[in-house]
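Trainee: final-v3.tsv is reproduced below (TSV, C-alpha atoms and all ligand atoms).
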chain	number	residue	atom	x	y	z
A	1	MET	CA	-9.45	-12.50	25.14
A	2	THR	CA	-5.95	-12.01	23.80
A	3	ALA	CA	-5.80	-11.26	20.09
A	4	LYS	CA	-3.80	-13.32	17.61
A	5	ILE	CA	-0.97	-11.08	16.42
A	6	ILE	CA	-0.85	-11.02	12.63
A	7	ASP	CA	2.80	-11.26	11.62
A	8	GLY	CA	2.95	-9.12	8.47
A	9	LYS	CA	6.72	-9.35	8.39
A	10	ALA	CA	6.58	-13.14	8.05
A	11	VAL	CA	3.79	-13.09	5.43
A	12	ALA	CA	5.67	-10.44	3.42
A	13	ALA	CA	8.84	-12.59	3.54
A	14	GLU	CA	6.82	-15.58	2.22
A	15	ILE	CA	5.43	-13.47	-0.65
A	16	ARG	CA	8.87	-12.13	-1.54
A	17	ALA	CA	10.27	-15.71	-1.52
A	18	GLU	CA	7.52	-16.82	-3.94
A	19	ILE	CA	8.22	-13.80	-6.17
A	20	THR	CA	11.96	-14.60	-6.16
A	21	VAL	CA	11.29	-18.15	-7.36
A	22	GLU	CA	8.95	-16.92	-10.11
A	23	VAL	CA	11.37	-14.21	-11.30
A	24	LYS	CA	14.17	-16.79	-11.53
A	25	ALA	CA	11.98	-19.19	-13.52
A	26	ILE	CA	10.90	-16.48	-16.01
A	27	LYS	CA	14.51	-15.31	-16.37
A	28	GLU	CA	15.63	-18.85	-17.19
A	29	LYS	CA	12.84	-19.29	-19.73
A	30	THR	CA	12.91	-15.89	-21.46
A	31	GLY	CA	16.23	-14.26	-20.51
A	32	LYS	CA	14.24	-11.24	-19.32
A	33	THR	CA	14.35	-9.49	-15.92
A	34	PRO	CA	11.60	-7.36	-14.35
A	35	GLY	CA	12.60	-3.73	-13.82
A	36	LEU	CA	11.23	-1.41	-11.12
A	37	ALA	CA	11.86	2.35	-11.25
A	38	VAL	CA	11.35	4.47	-8.14
A	39	VAL	CA	11.30	8.23	-8.74
A	40	LEU	CA	12.07	10.42	-5.73
A	41	VAL	CA	11.86	14.21	-5.93
A	42	GLY	CA	13.87	16.02	-3.24
A	43	ASP	CA	15.77	14.56	-0.31
A	44	ASP	CA	13.24	13.98	2.45
A	45	PRO	CA	15.15	11.64	4.84
A	46	ALA	CA	12.12	9.38	5.59
A	47	SER	CA	11.36	8.94	1.87
A	48	LYS	CA	15.04	8.20	1.20
A	49	ILE	CA	15.01	5.36	3.76
A	50	TYR	CA	11.80	3.98	2.29
A	51	VAL	CA	13.14	4.16	-1.28
A	52	GLY	CA	16.37	2.47	-0.13
A	53	ASN	CA	14.34	-0.40	1.39
A	54	LYS	CA	12.40	-0.84	-1.83
A	55	GLU	CA	15.64	-1.02	-3.83
A	56	LYS	CA	17.19	-3.57	-1.46
A	57	GLN	CA	14.14	-5.86	-1.51
A	58	ALA	CA	13.69	-5.53	-5.28
A	59	LYS	CA	17.32	-6.57	-5.87
A	60	GLU	CA	17.02	-9.47	-3.41
A	61	ALA	CA	14.01	-10.74	-5.39
A	62	GLY	CA	16.04	-10.66	-8.63
A	63	PHE	CA	14.59	-7.43	-10.11
A	64	ASN	CA	16.58	-4.72	-11.78
A	65	SER	CA	16.00	-1.68	-9.60
A	66	TYR	CA	16.41	1.91	-10.76
A	67	ASN	CA	16.30	4.76	-8.25
A	68	ILE	CA	15.86	8.12	-9.95
A	69	ILE	CA	16.58	10.95	-7.53
A	70	LEU	CA	15.56	14.37	-8.85
A	71	PRO	CA	16.15	17.82	-7.32
A	72	GLN	CA	13.42	19.45	-5.19
A	73	GLU	CA	13.30	22.40	-7.64
A	74	ILE	CA	12.55	20.28	-10.73
A	75	SER	CA	9.66	21.74	-12.75
A	76	GLU	CA	6.46	19.79	-13.36
A	77	ALA	CA	7.22	19.72	-17.12
A	78	GLU	CA	10.70	18.27	-16.51
A	79	LEU	CA	9.30	15.60	-14.17
A	80	LEU	CA	6.62	14.66	-16.73
A	81	GLU	CA	9.34	14.34	-19.36
A	82	LYS	CA	11.30	11.99	-17.10
A	83	ILE	CA	8.18	9.86	-16.52
A	84	ASP	CA	7.57	9.76	-20.28
A	85	SER	CA	11.08	8.43	-20.88
A	86	LEU	CA	10.51	5.71	-18.23
A	87	ASN	CA	7.16	4.86	-19.87
A	88	LYS	CA	9.01	4.31	-23.15
A	89	ASN	CA	11.89	2.34	-21.60
A	90	PRO	CA	11.31	-1.40	-22.31
A	91	ASP	CA	13.52	-2.41	-19.35
A	92	ILE	CA	11.10	-0.78	-16.88
A	93	HIS	CA	7.94	-2.79	-16.12
A	94	GLY	CA	6.84	-1.10	-12.89
A	95	MET	CA	7.23	2.50	-11.82
A	96	ILE	CA	6.31	4.55	-8.79
A	97	VAL	CA	6.72	8.22	-8.00
A	98	GLN	CA	7.29	8.64	-4.28
A	99	LEU	CA	4.66	10.90	-2.67
A	100	PRO	CA	4.30	13.58	-1.40
A	101	LEU	CA	5.68	15.78	-4.19
A	102	PRO	CA	6.84	19.38	-3.72
A	103	LYS	CA	3.93	21.87	-3.62
A	104	HIS	CA	4.67	23.39	-7.06
A	105	ILE	CA	3.98	20.04	-8.78
A	106	LYS	CA	0.40	18.86	-9.36
A	107	GLU	CA	0.18	15.35	-7.92
A	108	SER	CA	-2.71	14.19	-10.12
A	109	ALA	CA	-0.87	15.27	-13.31
A	110	VAL	CA	2.13	13.17	-12.31
A	111	ILE	CA	0.10	10.14	-11.20
A	112	ASN	CA	-1.83	10.11	-14.46
A	113	ALA	CA	1.32	10.55	-16.56
A	114	VAL	CA	2.54	7.08	-15.54
A	115	ASP	CA	1.68	4.41	-18.13
A	116	PRO	CA	-1.24	2.53	-16.43
A	117	LYS	CA	0.38	-0.76	-17.48
A	118	LYS	CA	3.50	0.18	-15.46
A	119	ASP	CA	1.59	1.83	-12.59
A	120	ALA	CA	2.95	-0.35	-9.76
A	121	ASP	CA	1.26	1.87	-7.14
A	122	GLY	CA	-2.17	1.45	-8.78
A	123	PHE	CA	-2.92	5.18	-8.42
A	124	HIS	CA	-3.56	6.01	-12.11
A	125	ILE	CA	-7.19	6.93	-12.79
A	126	GLU	CA	-7.49	3.94	-15.17
A	127	ASN	CA	-6.48	1.50	-12.42
A	128	VAL	CA	-8.73	3.29	-9.90
A	129	GLY	CA	-11.61	2.86	-12.37
A	130	LYS	CA	-10.78	-0.82	-12.89
A	131	LEU	CA	-10.72	-1.49	-9.14
A	132	ASN	CA	-14.08	0.21	-8.68
A	133	THR	CA	-15.73	-1.60	-11.58
A	134	GLY	CA	-14.37	-5.07	-10.83
A	135	GLN	CA	-11.90	-5.21	-13.74
A	136	ASP	CA	-8.41	-6.64	-13.51
A	137	GLY	CA	-5.84	-3.87	-13.00
A	138	LEU	CA	-3.05	-2.87	-10.66
A	139	VAL	CA	-4.29	-2.37	-7.08
A	140	PRO	CA	-2.69	0.03	-4.54
A	141	CYS	CA	-0.08	-1.85	-2.52
A	142	THR	CA	-1.00	-1.00	1.09
A	143	PRO	CA	-4.71	-1.92	0.85
A	144	LEU	CA	-3.76	-5.01	-1.16
A	145	GLY	CA	-1.39	-6.02	1.65
A	146	CYS	CA	-4.15	-5.47	4.25
A	147	MET	CA	-6.53	-7.65	2.24
A	148	ILE	CA	-3.98	-10.48	1.97
A	149	LEU	CA	-3.50	-10.42	5.76
A	150	LEU	CA	-7.26	-10.39	6.36
A	151	LYS	CA	-8.00	-13.29	4.01
A	152	LYS	CA	-5.09	-15.33	5.33
A	153	ASN	CA	-6.41	-15.01	8.89
A	154	LEU	CA	-10.18	-14.76	8.49
A	155	GLY	CA	-10.79	-16.68	5.27
A	156	ASP	CA	-14.08	-15.64	3.68
A	157	ILE	CA	-15.06	-12.12	4.77
A	158	SER	CA	-18.32	-11.86	2.82
A	159	GLY	CA	-21.15	-10.35	4.89
A	160	LYS	CA	-18.79	-9.12	7.61
A	161	ASN	CA	-19.14	-5.54	8.83
A	162	ALA	CA	-15.94	-3.72	7.82
A	163	LEU	CA	-15.13	-0.20	8.96
A	164	VAL	CA	-12.42	1.75	7.15
A	165	ILE	CA	-11.25	4.81	9.10
A	166	GLY	CA	-9.68	7.25	6.62
A	167	ARG	CA	-10.67	8.11	3.05
A	168	SER	CA	-7.37	8.92	1.34
A	169	ASN	CA	-6.91	7.97	-2.32
A	170	ILE	CA	-3.91	5.82	-1.47
A	171	VAL	CA	-5.32	3.79	1.45
A	172	GLY	CA	-8.89	4.40	2.65
A	173	LYS	CA	-10.82	4.52	-0.63
A	174	PRO	CA	-9.08	1.60	-2.38
A	175	MET	CA	-9.32	-0.40	0.87
A	176	ALA	CA	-13.08	0.13	0.92
A	177	ALA	CA	-13.30	-0.93	-2.76
A	178	LEU	CA	-11.35	-4.13	-2.06
A	179	LEU	CA	-13.54	-5.00	0.93
A	180	LEU	CA	-16.65	-4.40	-1.16
A	181	ARG	CA	-15.22	-6.63	-3.89
A	182	GLU	CA	-15.04	-9.38	-1.24
A	183	SER	CA	-18.71	-8.71	-0.35
A	184	ALA	CA	-18.06	-7.21	3.08
A	185	THR	CA	-20.56	-4.60	4.27
A	186	VAL	CA	-18.40	-1.49	4.19
A	187	THR	CA	-18.55	1.77	6.14
A	188	ILE	CA	-16.02	4.57	5.57
A	189	ALA	CA	-15.33	6.99	8.43
A	190	HIS	CA	-13.36	10.26	8.25
A	191	SER	CA	-12.71	13.40	10.26
A	192	LYS	CA	-16.35	14.57	9.99
A	193	THR	CA	-17.81	11.25	11.18
A	194	LYS	CA	-19.90	11.87	14.30
A	195	ASN	CA	-20.31	8.47	15.96
A	196	LEU	CA	-17.01	6.69	15.46
A	197	PRO	CA	-17.00	4.69	18.75
A	198	GLU	CA	-20.50	3.34	17.96
A	199	LEU	CA	-19.49	2.44	14.39
A	200	CYS	CA	-16.42	0.64	15.73
A	201	LYS	CA	-18.60	-1.37	18.16
A	202	THR	CA	-20.52	-2.91	15.24
A	203	ALA	CA	-17.44	-3.71	13.14
A	204	ASP	CA	-16.10	-7.25	12.66
A	205	ILE	CA	-13.13	-5.72	10.84
A	206	ILE	CA	-11.53	-2.30	11.41
A	207	ILE	CA	-8.90	-0.87	9.09
A	208	ALA	CA	-7.36	2.28	10.60
A	209	ALA	CA	-5.57	4.66	8.20
A	210	ILE	CA	-5.73	7.96	10.04
A	211	GLY	CA	-2.22	9.06	11.00
A	212	LYS	CA	-3.03	9.69	14.69
A	213	PRO	CA	-1.13	7.72	17.35
A	214	ASN	CA	-3.17	5.19	19.38
A	215	PHE	CA	-6.43	6.84	18.26
A	216	VAL	CA	-8.70	3.77	18.31
A	217	LYS	CA	-9.53	2.73	21.89
A	218	ALA	CA	-10.22	-0.64	23.49
A	219	GLU	CA	-13.73	0.45	24.68
A	220	TRP	CA	-14.77	0.91	21.02
A	221	ILE	CA	-13.89	-2.64	19.95
A	222	LYS	CA	-16.33	-5.50	19.44
A	223	PRO	CA	-14.85	-8.57	21.18
A	224	GLY	CA	-13.13	-10.82	18.63
A	225	ALA	CA	-12.89	-8.16	15.90
A	226	ALA	CA	-9.98	-8.11	13.41
A	227	LEU	CA	-7.93	-4.91	13.65
A	228	ILE	CA	-5.65	-3.88	10.78
A	229	ASP	CA	-3.49	-0.89	11.64
A	230	VAL	CA	-2.09	1.04	8.67
A	231	GLY	CA	-0.94	4.05	10.70
A	232	ILE	CA	2.74	4.80	11.16
A	233	ASN	CA	3.38	7.41	13.84
A	234	ARG	CA	6.50	8.35	15.73
A	235	VAL	CA	6.04	9.04	19.45
A	236	ASP	CA	9.12	9.69	21.61
A	237	SER	CA	11.28	8.27	18.79
A	238	LYS	CA	9.28	4.99	18.83
A	239	LEU	CA	6.86	3.84	16.10
A	240	CYS	CA	3.21	3.20	16.88
A	241	GLY	CA	0.01	2.75	14.91
A	242	ASP	CA	-3.42	4.39	14.89
A	243	ILE	CA	-4.86	1.65	17.12
A	244	ASP	CA	-3.97	1.47	20.81
A	245	PHE	CA	-2.25	-1.92	20.59
A	246	ALA	CA	-1.63	-2.47	24.32
A	247	THR	CA	-5.32	-2.26	25.28
A	248	THR	CA	-7.23	-3.27	22.10
A	249	SER	CA	-5.21	-6.49	21.77
A	250	LYS	CA	-6.95	-7.68	24.98
A	251	VAL	CA	-10.39	-7.38	23.31
A	252	ALA	CA	-9.81	-8.07	19.61
A	253	GLY	CA	-9.53	-11.49	17.93
A	254	PHE	CA	-6.76	-10.44	15.51
A	255	ILE	CA	-4.45	-7.44	15.39
A	256	THR	CA	-1.52	-6.23	13.30
A	257	PRO	CA	1.42	-4.73	15.22
A	258	VAL	CA	3.24	-1.53	14.27
A	259	PRO	CA	5.96	-2.02	13.17
A	260	GLY	CA	5.85	-5.50	11.62
A	261	GLY	CA	2.23	-5.60	10.41
A	262	VAL	CA	1.01	-3.78	7.32
A	263	GLY	CA	4.28	-1.93	6.57
A	264	PRO	CA	6.31	-4.89	5.22
A	265	MET	CA	3.31	-6.00	3.11
A	266	THR	CA	3.37	-2.74	1.14
A	267	ILE	CA	6.80	-3.39	-0.42
A	268	ALA	CA	6.00	-7.08	-1.00
A	269	CYS	CA	2.85	-6.01	-2.91
A	270	LEU	CA	4.84	-3.42	-4.88
A	271	LEU	CA	7.13	-6.22	-6.09
A	272	GLY	CA	4.03	-8.35	-6.77
A	273	ASN	CA	2.47	-5.59	-8.89
A	274	THR	CA	5.71	-5.12	-10.84
A	275	LEU	CA	5.92	-8.86	-11.48
A	276	LYS	CA	2.29	-8.82	-12.66
A	277	ALA	CA	3.05	-5.95	-15.07
A	278	PHE	CA	6.20	-7.76	-16.26
A	279	ARG	CA	4.29	-10.98	-16.95
A	280	LYS	CA	1.63	-9.05	-18.86
A	281	SER	CA	4.31	-7.38	-20.97
A	282	LEU	CA	5.56	-10.88	-21.92
A	283	ASN	CA	2.01	-12.26	-22.36
A	284	ILE	CA	2.57	-14.89	-19.65
B	1	LIG	N1	1.98	0.89	6.32
B	1	LIG	C1	2.13	1.51	5.15
B	1	LIG	O1	2.77	0.99	4.25
B	1	LIG	C2	1.48	2.82	4.95
B	1	LIG	C3	1.18	3.29	3.67
B	1	LIG	C4	0.49	4.50	3.54
B	1	LIG	C5	0.16	5.23	4.67
B	1	LIG	N2	0.53	4.77	5.90
B	1	LIG	C6	0.17	5.50	7.13
B	1	LIG	O2	-1.24	5.42	7.28
B	1	LIG	C7	-1.75	6.61	7.86
B	1	LIG	C8	-2.78	7.21	6.93
B	1	LIG	O3	-2.18	7.52	5.70
B	1	LIG	P1	-2.96	8.32	4.54
B	1	LIG	O4	-1.99	8.62	3.50
B	1	LIG	O5	-4.20	7.57	4.21
B	1	LIG	O6	-3.30	9.68	5.37
B	1	LIG	P2	-4.16	10.96	4.98
B	1	LIG	O7	-4.17	11.18	3.52
B	1	LIG	O8	-3.68	12.02	5.90
B	1	LIG	O9	-5.65	10.55	5.41
B	1	LIG	C9	-6.01	10.42	6.75
B	1	LIG	C10	-7.48	10.13	6.84
B	1	LIG	O10	-7.84	10.06	8.22
B	1	LIG	C11	-9.02	10.80	8.44
B	1	LIG	N3	-9.08	11.32	9.79
B	1	LIG	C12	-8.30	12.30	10.34
B	1	LIG	N4	-8.70	12.56	11.60
B	1	LIG	C13	-9.74	11.73	11.85
B	1	LIG	C14	-10.59	11.53	12.96
B	1	LIG	N5	-10.45	12.26	14.08
B	1	LIG	N6	-11.57	10.61	12.87
B	1	LIG	C15	-11.74	9.88	11.75
B	1	LIG	N7	-10.96	10.03	10.64
B	1	LIG	C16	-9.98	10.95	10.70
B	1	LIG	C17	-8.97	11.94	7.42
B	1	LIG	O11	-10.29	12.42	7.21
B	1	LIG	P3	-10.62	13.64	6.19
B	1	LIG	O12	-10.57	13.02	4.82
B	1	LIG	O13	-11.97	14.08	6.58
B	1	LIG	O14	-9.55	14.67	6.40
B	1	LIG	C18	-8.36	11.24	6.21
B	1	LIG	O15	-9.35	10.66	5.39
B	1	LIG	C19	-0.51	7.49	8.12
B	1	LIG	O16	-0.05	7.25	9.42
B	1	LIG	C20	0.51	6.97	7.11
B	1	LIG	O17	1.84	7.19	7.54
B	1	LIG	C21	1.15	3.59	6.05
I'd like the structure from this file rewritten - as structure tokens, please.
Ligand SMILES: NC(=O)c1ccc[n+]([C@@H]2O[C@H](COP(=O)([O-])OP(=O)(O)OC[C@H]3O[C@@H](n4cnc5c(N)ncnc54)[C@H](OP(=O)(O)O)[C@@H]3O)[C@@H](O)[C@H]2O)c1
Mentor:
Amino acid sequence: MTAKIIDGKAVAAEIRAEITVEVKAIKEKTGKTPGLAVVLVGDDPASKIYVGNKEKQAKEAGFNSYNIILPQEISEAELLEKIDSLNKNPDIHGMIVQLPLPKHIKESAVINAVDPKKDADGFHIENVGKLNTGQDGLVPCTPLGCMILLKKNLGDISGKNALVIGRSNIVGKPMAALLLRESATVTIAHSKTKNLPELCKTADIIIAAIGKPNFVKAEWIKPGAALIDVGINRVDSKLCGDIDFATTSKVAGFITPVPGGVGPMTIACLLGNTLKAFRKSLNI
């Protein structure tokens, strides 16, 4: 079997095109423009590239985009003050604080300082609670992007065995919650899991969010399974995922490439979340 390659880049472009049309229509009707603020602390080169991409795509979709670059040495209190001023700014409808933060700043304090209505990353405890109790809130962008790709390719996933490898707050846990919401039978694996190859063998869907290059092997895969690779790893200056694409793609039914799979969906979903928050602020 040769897997169908899921083209996340193309799906993300479609989503951004739909968002662009909607933003234009709302602008014409109300005179208002959605605003996305991205807060970056320090000057990590990888984060800078990522933040630059977000700004470019936000502008292309017709958003006002605000990049707020703060010095590495900023105190937690000063950062919280900045977030408070963005919370109060009526031109900002979506906001994210780029992670990771410097060690002297408590991540949870910052995440929970963002107004949950503007929490475009969906990391605030209120949005986490909403996701886990089936209420409408803002959902973390990367798992949301994975779910869109899955549903587009598999249709109904209820009753399917889904294995999420990784239990981070930003990918693994919300991914599991989304799969459960779609009535998949969900298993979460992590670094203490003892029988990962066996768990993989029973999975109709595998979502890998580990951060280890080519970790998931072809021998572990159930023929025809759908493989969604969240991992972004650099090996010999080339990007690769957490799933060994070259060999697993011969066994699986569907697979996302790295790059060009989940990655582009994350920014598209960030714009989608900001648009959702914008519409809510206008009661439309
Ligand atoms: N495409 C995108 O837009 C996007 C967005 C976010 C992240 N990513 C990428 O996705 C990957 C994961 O990100 P993250 O933020 O979720 O990482 P993370 O916070 O480091 O979490 C990694 C998870 O993998 C688990 N793990 C580590 N070794 C394992 C093993 N041998 N077997 C099974 N599980 C193992 C860890 O288990 P423990 O909890 O037991 O330590 C942890 O839960 C990274 O490569 C990151 O760059 C991509």
Trainee: Kindly indicate which residue among A:Gly122, A:Pro223, A:Gly8, A:Pro102 lies nearest to Gly261 of chain A, using only C-alpha atoms for the distances.
Mentor: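 The closest residue to Gly261 of chain A is A:Gly8.
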Trainee: Between chain A and ligand LIG 1 (chain B), at 6 Å or less, what are the per-residue closest atom pairs and their distances in Å? Count only C-alpha atoms and all ligand atoms, order by chain and rising residue number, and return it as CSV.
Mentor:
residue,atom,partner,partner_atom,distance
A:Thr142,CA,B:LIG1,O1,5.3
A:Ile165,CA,B:LIG1,N7,5.5
A:Gly166,CA,B:LIG1,C10,3.6
A:Arg167,CA,B:LIG1,O15,3.7
A:Ser168,CA,B:LIG1,O7,4.5
A:Ile170,CA,B:LIG1,O5,6.0
A:Val171,CA,B:LIG1,O5,4.8
A:Gly172,CA,B:LIG1,O5,5.9
A:Ala189,CA,B:LIG1,C15,5.7
A:His190,CA,B:LIG1,N7,3.4
A:Ser191,CA,B:LIG1,C16,3.7
A:Lys192,CA,B:LIG1,O13,5.6
A:Ala209,CA,B:LIG1,C8,4.0
A:Ile210,CA,B:LIG1,O10,3.5
A:Gly211,CA,B:LIG1,O16,3.2
A:Val230,CA,B:LIG1,O2,4.7
A:Gly231,CA,B:LIG1,O16,3.6
A:Ile232,CA,B:LIG1,O16,4.1
A:Asn233,CA,B:LIG1,O16,5.6
A:Val262,CA,B:LIG1,N1,4.9
A:Gly263,CA,B:LIG1,N1,3.6
A:Thr266,CA,B:LIG1,O1,4.9
Trainee: For C-alpha atoms, I'd like the residues from the last selection saved as an mmCIF file, keeping the file's coordinate frame.
Mentor:
data_model
loop_
_atom_site.group_PDB
_atom_site.id
_atom_site.type_symbol
_atom_site.label_atom_id
_atom_site.label_comp_id
_atom_site.auth_asym_id
_atom_site.auth_seq_id
_atom_site.Cartn_x
_atom_site.Cartn_y
_atom_site.Cartn_z
ATOM 1 C CA THR A 142 -1.000 -1.000 1.090
ATOM 2 C CA ILE A 165 -11.250 4.810 9.100
ATOM 3 C CA GLY A 166 -9.680 7.250 6.620
ATOM 4 C CA ARG A 167 -10.670 8.110 3.050
ATOM 5 C CA SER A 168 -7.370 8.920 1.340
ATOM 6 C CA ILE A 170 -3.910 5.820 -1.470
ATOM 7 C CA VAL A 171 -5.320 3.790 1.450
ATOM 8 C CA GLY A 172 -8.890 4.400 2.650
ATOM 9 C CA ALA A 189 -15.330 6.990 8.430
ATOM 10 C CA HIS A 190 -13.360 10.260 8.250
ATOM 11 C CA SER A 191 -12.710 13.400 10.260
ATOM 12 C CA LYS A 192 -16.350 14.570 9.990
ATOM 13 C CA ALA A 209 -5.570 4.660 8.200
ATOM 14 C CA ILE A 210 -5.730 7.960 10.040
ATOM 15 C CA GLY A 211 -2.220 9.060 11.000
ATOM 16 C CA VAL A 230 -2.090 1.040 8.670
ATOM 17 C CA GLY A 231 -0.940 4.050 10.700
ATOM 18 C CA ILE A 232 2.740 4.800 11.160
ATOM 19 C CA ASN A 233 3.380 7.410 13.840
ATOM 20 C CA VAL A 262 1.010 -3.780 7.320
ATOM 21 C CA GLY A 263 4.280 -1.930 6.570
ATOM 22 C CA THR A 266 3.370 -2.740 1.140
#
Trainee: Please list as a VMD selection string every residue within 7 Å of Pro34 of chain A, counting only C-alpha atoms and excluding residues in the same chain fewer than 4 positions away.
Mentor: chain A and resid 63 to 64 93 275 278
Trainee: Please provide as a VMD selection string all residues within 8 Å of segment 38-43 of chain A, with the sequence filter that same-chain residues fewer than 6 positions apart are discarded (counting only C-alpha atoms).
Mentor: chain A and resid 51 65 to 74 95 to 98 101 to 102
Trainee: Let me see the file: selected residues, C-alpha atoms, as a PDB file, keeping the file's coordinate frame.
Mentor:
ATOM      1  CA  VAL A  51      13.140   4.160  -1.280  1.00  0.00           C
ATOM      2  CA  SER A  65      16.000  -1.680  -9.600  1.00  0.00           C
ATOM      3  CA  TYR A  66      16.410   1.910 -10.760  1.00  0.00           C
ATOM      4  CA  ASN A  67      16.300   4.760  -8.250  1.00  0.00           C
ATOM      5  CA  ILE A  68      15.860   8.120  -9.950  1.00  0.00           C
ATOM      6  CA  ILE A  69      16.580  10.950  -7.530  1.00  0.00           C
ATOM      7  CA  LEU A  70      15.560  14.370  -8.850  1.00  0.00           C
ATOM      8  CA  PRO A  71      16.150  17.820  -7.320  1.00  0.00           C
ATOM      9  CA  GLN A  72      13.420  19.450  -5.190  1.00  0.00           C
ATOM     10  CA  GLU A  73      13.300  22.400  -7.640  1.00  0.00           C
ATOM     11  CA  ILE A  74      12.550  20.280 -10.730  1.00  0.00           C
ATOM     12  CA  MET A  95       7.230   2.500 -11.820  1.00  0.00           C
ATOM     13  CA  ILE A  96       6.310   4.550  -8.790  1.00  0.00           C
ATOM     14  CA  VAL A  97       6.720   8.220  -8.000  1.00  0.00           C
ATOM     15  CA  GLN A  98       7.290   8.640  -4.280  1.00  0.00           C
ATOM     16  CA  LEU A 101       5.680  15.780  -4.190  1.00  0.00           C
ATOM     17  CA  PRO A 102       6.840  19.380  -3.720  1.00  0.00           C
TER      18      PRO A 102
END
Trainee: Could you tell me which of A:Asn89, A:Thr133, A:Asn53, A:Thr20 comes closest to Pro264 of chain A if we count all atoms listed in the file?
Mentor: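 So, comparing all the options, the nearest one is A:Asn53.
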Trainee: Work out how far apart atom CA of Lys82 of chain A and atom CA of Pro140 of chain A are and give it in Å to one decimal.
Mentor: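 Computing the Euclidean distance for atom CA of Lys82 of chain A and atom CA of Pro140 of chain A yields 22.3 Å.
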Trainee: As an exercise, work out the distance from atom CA of Ile92 of chain A to atom CA of Ala120 of chain A in Å and give it to one decimal place.
Mentor: 10.8 Å
Trainee: Could you work out how far atom CA of Asp242 of chain A lies from atom CA of Lys212 of chain A, giving the answer in Å with one decimal?
Mentor: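 Interatomic distance here is 5.3 Å.
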Trainee: With distances taken over all atoms listed in the file, which residue among A:Pro143, A:Gly31, A:Pro45, A:Gly159 lies nearest Pro174 of chain A?
Mentor: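 That would be A:Pro143, the residue with the smallest distance to Pro174 of chain A.
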Trainee: Excluding same-chain residues fewer than 4 positions from Thr247 of chain A, what lies within 8 Å of it counting all atoms listed in the file, as a list of chain:residue names?
Mentor: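 Once the nearby chain positions are removed, what remains is A:Lys217, A:Ala218, A:Val251.
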Trainee: Determine the nearest neighbour of Ala177 of chain A from the options A:Met265, A:Met147, A:Ile26, A:Ile284, counting all atoms listed in the file.
Mentor: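 When distances to Ala177 of chain A are compared using all atoms listed in the file, the smallest one comes from A:Met147.
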Trainee: Quick one: which segment 134-187 of chain A residues come within 12 Å of segment 12-16 of chain A, and what is the nearest atom pair for each with the distance in Å to one decimal, counting only C-alpha atoms, rows ordered by chain and ascending number, as JSON lines?
Mentor:
{"residue": "A:Cys141", "atom": "CA", "partner": "A:Ala12", "partner_atom": "CA", "distance": 11.9}
{"residue": "A:Thr142", "atom": "CA", "partner": "A:Ala12", "partner_atom": "CA", "distance": 11.8}
{"residue": "A:Leu144", "atom": "CA", "partner": "A:Ala12", "partner_atom": "CA", "distance": 11.8}
{"residue": "A:Gly145", "atom": "CA", "partner": "A:Ala12", "partner_atom": "CA", "distance": 8.5}
{"residue": "A:Cys146", "atom": "CA", "partner": "A:Ala12", "partner_atom": "CA", "distance": 11.0}
{"residue": "A:Ile148", "atom": "CA", "partner": "A:Ala12", "partner_atom": "CA", "distance": 9.8}
{"residue": "A:Leu149", "atom": "CA", "partner": "A:Ala12", "partner_atom": "CA", "distance": 9.5}
{"residue": "A:Lys152", "atom": "CA", "partner": "A:Ala12", "partner_atom": "CA", "distance": 12.0}
Trainee: Considering only C-alpha atoms, state which residue in the set A:Gly241, A:Gly35, A:Ser158, A:Asn273 is at the smallest distance from Asp136 of chain A.
Mentor: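 Nearest candidate to Asp136 of chain A out of A:Gly241, A:Gly35, A:Ser158, A:Asn273: A:Asn273.
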Trainee: Tell me, as JSON, numbers by chain, which residues lie within 10 Å of Ser183 of chain A, counting all atoms listed in the file; anything in the same chain fewer than 4 positions away does not count.
Mentor: {"A": [156, 157, 158, 159, 160, 161, 162, 177, 178, 179]}
Trainee: Within 6 Å of (-1.1, 9.5, -10.4), in the coordinates the file gives, what residues turn up when you count only C-alpha atoms, written out as a list in words?
Mentor: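 Counting only C-alpha atoms, I find these residues within 6 Å of (-1.1, 9.5, -10.4): Ser108, Val110, Ile111, Asn112, Phe123 and His124 of chain A.
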Trainee: Name the residues in contact with Lys276 of chain A at a cut-off of 9 Å, using all atoms listed in the file, excluding same-chain residues fewer than 3 positions from it; report them as a list in words.
Mentor: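 Residues near the query, excluding close chain neighbours: His93, Gly94, Ala120, Leu138, Leu271, Gly272, Asn273, Arg279, Lys280 and Ser281 of chain A.
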Trainee: With distances taken over all atoms listed in the file, which residue among A:Lys59, A:Ala113, A:Asn283, A:Glu219 lies nearest Leu80 of chain A?
Mentor: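 Closest to Leu80 of chain A of all the choices is A:Ala113.
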Trainee: Residues around (-12.1, -8.6, 16.5), cut-off 10 Å, counting all atoms listed in the file - what are they as a list in words?
Mentor: Met1, Ala3, Lys4, Lys201, Ala203, Asp204, Ile205, Ile206, Ile221, Lys222, Pro223, Gly224, Ala225, Ala226, Leu227, Ile228, Thr248, Ser249, Lys250, Val251, Ala252, Gly253, Phe254 and Ile255 of chain A
